[in-house]
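Pasted below: final_14.txt, compact mmCIF, C-alpha atoms.
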```
# COMPACT_ATOMS: atom_id res chain seq x y z
CA MET O 1 -7.29 -156.93 28.01
CA ARG O 2 -7.37 -154.99 31.25
CA LEU O 3 -11.17 -154.82 31.20
CA ALA O 4 -11.45 -158.55 30.50
CA ILE O 5 -9.12 -159.44 33.36
CA GLU O 6 -10.71 -157.06 35.84
CA GLN O 7 -14.38 -157.55 34.99
CA LEU O 8 -14.58 -161.20 33.91
CA GLN O 9 -12.28 -162.79 36.50
CA HIS O 10 -13.96 -161.24 39.56
CA GLN O 11 -16.71 -163.89 39.50
CA PHE O 12 -14.06 -166.59 39.99
CA LEU O 13 -11.19 -164.96 41.88
CA SER O 14 -10.72 -162.77 44.93
CA PRO O 15 -9.83 -159.10 44.35
CA VAL O 16 -6.22 -159.87 45.35
CA GLN O 17 -6.05 -162.71 42.80
CA VAL O 18 -7.55 -160.50 40.08
CA ALA O 19 -4.89 -157.85 40.76
CA ALA O 20 -2.16 -160.51 40.69
CA SER O 21 -3.53 -161.88 37.39
CA HIS O 22 -2.10 -158.88 35.56
CA LYS O 23 1.36 -160.27 36.37
CA VAL O 24 0.71 -163.58 34.55
CA MET O 25 -1.51 -162.44 31.68
CA GLY O 26 -1.39 -159.93 28.86
CA LEU O 27 -0.36 -159.56 25.26
CA ASP O 28 2.78 -161.33 24.11
CA SER O 29 3.94 -159.12 21.22
CA GLN O 30 5.77 -162.15 19.76
CA LEU O 31 2.35 -163.34 18.56
CA VAL O 32 1.85 -160.08 16.67
CA ARG O 33 5.34 -160.27 15.15
CA ASP O 34 4.68 -163.90 14.14
CA GLY O 35 1.39 -162.90 12.47
CA THR O 36 -0.60 -165.35 14.61
CA TYR O 37 -2.76 -162.90 16.55
CA PHE O 38 -6.37 -162.11 15.65
CA VAL O 39 -8.59 -159.15 16.53
CA VAL O 40 -12.37 -159.34 16.12
CA GLU O 41 -14.23 -156.07 15.70
CA ALA O 42 -17.92 -155.34 16.08
CA GLY O 43 -19.57 -151.98 15.62
CA GLY O 44 -16.21 -150.26 15.24
CA ARG O 45 -14.92 -151.61 18.56
CA ILE O 46 -12.52 -154.39 19.44
CA ALA O 47 -14.78 -157.17 20.68
CA GLY O 48 -12.03 -159.66 21.39
CA CYS O 49 -8.57 -160.88 20.54
CA GLY O 50 -6.45 -163.98 20.79
CA GLY O 51 -3.83 -165.95 19.01
CA TRP O 52 -2.00 -169.17 18.51
CA SER O 53 1.69 -169.89 18.57
CA PHE O 54 4.20 -172.27 17.06
CA ARG O 55 6.53 -171.37 19.96
CA ALA O 56 7.00 -173.18 23.29
CA THR O 57 5.56 -170.45 25.55
CA LEU O 58 2.25 -171.62 27.01
CA PHE O 59 1.15 -168.35 28.65
CA GLY O 60 2.38 -164.98 29.86
CA GLY O 61 2.69 -161.58 28.28
CA ASP O 62 5.31 -158.94 27.64
CA ASP O 63 4.96 -157.50 31.14
CA SER O 64 4.31 -160.73 33.05
CA ILE O 65 6.53 -162.49 35.57
CA VAL O 66 6.20 -165.74 33.63
CA ALA O 67 9.34 -166.81 31.76
CA ARG O 68 8.66 -167.17 28.05
CA GLU O 69 10.33 -169.64 25.71
CA PRO O 70 10.58 -168.57 22.06
CA ALA O 71 11.83 -171.96 20.78
CA ARG O 72 9.89 -173.20 17.75
CA LEU O 73 7.67 -176.24 18.17
CA ASP O 74 7.68 -179.33 15.97
CA PRO O 75 4.14 -179.80 14.53
CA LEU O 76 4.71 -183.56 14.28
CA ARG O 77 5.50 -183.86 17.98
CA ASP O 78 4.22 -180.79 19.83
CA ALA O 79 0.88 -179.07 20.37
CA ALA O 80 0.45 -175.51 19.12
CA LYS O 81 -0.38 -173.01 21.86
CA ILE O 82 -3.54 -170.91 22.09
CA ARG O 83 -2.53 -167.64 23.72
CA ALA O 84 -3.69 -164.27 25.04
CA MET O 85 -7.46 -164.74 24.60
CA TYR O 86 -9.55 -161.77 25.74
CA THR O 87 -13.13 -160.69 25.15
CA ASP O 88 -14.41 -157.20 25.90
CA PRO O 89 -16.96 -157.67 28.71
CA ALA O 90 -19.58 -155.88 26.57
CA PHE O 91 -19.32 -158.71 24.01
CA VAL O 92 -19.31 -161.81 26.23
CA ARG O 93 -21.53 -164.74 25.25
CA ARG O 94 -21.88 -163.54 21.67
CA GLY O 95 -19.55 -166.09 20.10
CA VAL O 96 -16.47 -163.84 19.97
CA GLY O 97 -14.25 -166.24 21.96
CA ALA O 98 -15.43 -169.26 19.98
CA LEU O 99 -14.76 -167.41 16.70
CA ILE O 100 -11.22 -166.57 17.78
CA LEU O 101 -10.62 -170.18 18.84
CA ASP O 102 -11.88 -171.38 15.44
CA LEU O 103 -9.52 -169.00 13.64
CA CYS O 104 -6.57 -170.09 15.79
CA GLU O 105 -7.31 -173.79 15.44
CA ALA O 106 -7.70 -173.54 11.66
CA ALA O 107 -4.38 -171.69 11.34
CA ALA O 108 -2.59 -174.19 13.60
CA ARG O 109 -4.08 -177.09 11.63
CA GLN O 110 -2.95 -175.49 8.36
CA ALA O 111 0.56 -175.19 9.85
CA GLY O 112 0.57 -178.96 10.40
CA PHE O 113 -0.33 -179.19 14.10
CA ALA O 114 -2.59 -182.04 15.20
CA ARG O 115 -3.18 -180.70 18.74
CA VAL O 116 -3.51 -177.38 20.51
CA GLU O 117 -3.11 -176.60 24.18
CA LEU O 118 -3.69 -173.57 26.36
CA MET O 119 -3.56 -172.35 29.93
CA GLY O 120 -7.09 -171.30 30.80
CA THR O 121 -8.14 -168.76 33.38
CA ALA O 122 -11.02 -169.60 35.69
CA ALA O 123 -13.28 -167.38 33.57
CA GLY O 124 -12.09 -168.96 30.32
CA VAL O 125 -12.38 -172.65 31.25
CA PRO O 126 -16.18 -172.86 30.61
CA LEU O 127 -15.67 -171.52 27.05
CA TYR O 128 -12.76 -173.86 26.37
CA ARG O 129 -14.71 -176.90 27.65
CA SER O 130 -17.67 -175.98 25.43
CA CYS O 131 -15.27 -175.81 22.46
CA GLY O 132 -13.89 -179.30 23.06
CA TYR O 133 -10.88 -178.68 25.30
CA SER O 134 -10.11 -181.12 28.13
CA PRO O 135 -8.10 -180.51 31.30
CA LEU O 136 -4.54 -181.77 31.09
CA GLY O 137 -3.60 -182.58 34.66
CA PRO O 138 -4.68 -180.95 37.91
CA LEU O 139 -5.33 -177.25 38.40
CA ASP O 140 -2.11 -175.20 38.39
CA GLN O 141 -1.41 -172.41 40.85
CA VAL O 142 0.91 -169.65 39.67
CA ALA O 143 2.47 -167.70 42.53
CA VAL O 144 2.59 -163.92 42.27
CA GLY O 145 4.40 -163.09 45.48
CA GLU O 146 2.25 -164.76 48.10
CA VAL O 147 -0.90 -164.77 45.97
CA LEU O 148 -1.83 -167.93 44.06
CA VAL O 149 -3.62 -167.51 40.73
CA PRO O 150 -5.41 -170.68 39.55
CA LEU O 151 -4.95 -171.70 35.91
CA GLN O 152 -6.00 -174.85 34.04
CA ARG O 153 -3.85 -176.43 31.34
CA MET O 154 -6.13 -177.80 28.60
CA ILE O 155 -5.71 -179.65 25.32
CA LYS O 156 -7.70 -180.40 22.16
CA SER O 157 -7.13 -182.65 19.17
CA LEU O 158 -7.43 -181.01 15.75
CA VAL O 159 -7.80 -184.27 13.83
```
Would you kindly transcribe this structure into structure tokens?
Amino acid sequence: MRLAIEQLQHQFLSPVQVAASHKVMGLDSQLVRDGTYFVVEAGGRIAGCGGWSFRATLFGGDDSIVAREPARLDPLRDAAKIRAMYTDPAFVRRGVGALILDLCEAAARQAGFARVELMGTAAGVPLYRSCGYSPLGPLDQVAVGEVLVPLQRMIKSLV
């Protein structure tokens, strides 16, 4: 996760924004406890990871400054959340992110959700667009002290 944030975001964010990104990203261990987190391995290494959630939290990890909301979502009304997506920089553009998205979407669909949404980083938005996600509103700016970290809320229909 640290490598993905530090090495993949630098093409899109300033060094100060990359450093601040650690305060709004990271693993949410609730996903692991819920059994909705996937890890993809290649050659004995973790190539990527990511999950989906039936809880209201859109983004943020265990150590982030973002408030998390563990309330359960209603599949008939709400969109499932795609969360904590990271690809090891050594495995970018090899289909790892798309595979994880497919796994998450299939699991959310099986749980009765008709839509999924996520909060994409600047580095992640191109992948999400290529996988059928559309921006939901204008670009968000999350403040970490005086540093603004840009994030894009995105949505996709599963039907």
*Take atom CA of O:Asp63 and atom CA of O:Pro89 and report the distance between them in Å, one decimal.*
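Between atom CA of O:Asp63 and atom CA of O:Pro89 the gap works out to 22.1 Å.
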*Contacts of O:Cys104 within 12 Å, only C-alpha atoms, excl. fewer than 2 positions in-chain, as a ChimeraX atom specification*: /O:31,35-39,49-54,80-85,97-102,106-111,113,115-118,158
*Tell me which of O:Met119, O:Gln30, O:Ala42, O:Val24 sits closest to O:Glu69, counting only C-alpha atoms.*
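Closest candidate: O:Gln30.
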_Nearest candidate to O:Val96 (options O:Glu41, O:Asp34, O:Asp140, O:Asp78; using all atoms listed in the file)_ = O:Glu41
_Nearest residue to O:Ala90 out of O:Val159, O:Ala47, O:Ile5, O:Leu136, using only C-alpha atoms?_
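Among O:Val159, O:Ala47, O:Ile5, O:Leu136, it is O:Ala47 that comes nearest to O:Ala90.
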*Point-to-point distance in Å for atom CA of O:Gly145 and atom CA of O:Asp88*: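 Computing it gives 27.8 Å between the two atoms.
Every protein or nucleic acid residue with an atom no more than 12 Å from O:Arg2, counting all atoms listed in the file and leaving out same-chain residues fewer than 2 positions away, appears here: Ala4, Ile5, Glu6, Gln7, Leu8, Gln9, Val18, Ala19, Ser21, His22, Lys23, Met25, Gly26, Leu27, Gly48, Ala84, Met85, Tyr86, Thr87, Asp88 and Pro89 of chain O.
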_What does the structure give for the distance between atom CA of O:Leu148 and atom CA of O:Val16, in Å to one decimal?_
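Rounded to one decimal, the two atoms are 9.3 Å apart.
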*Sphere at (-5.3, -177.4, 37.0), radius 9 Å, counting only C-alpha atoms: residues as a list of chain:residue names*: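 Collected hits near the coordinates: O:Met119, O:Gly120, O:Pro135, O:Leu136, O:Gly137, O:Pro138, O:Leu139, O:Asp140, O:Gln141, O:Pro150, O:Leu151, O:Gln152, O:Arg153, O:Met154.
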*Select, from O:Gly44, O:Ser29, O:Cys131, O:Phe91, the residue with the minimum atom-to-atom distance to O:Asp62, counting all atoms listed in the file.*
O:Ser29
_Pick from O:Leu103, O:Gly112, O:Gly95, O:Ile65 nearest to O:Ala20, counting all atoms listed in the file_ = O:Ile65
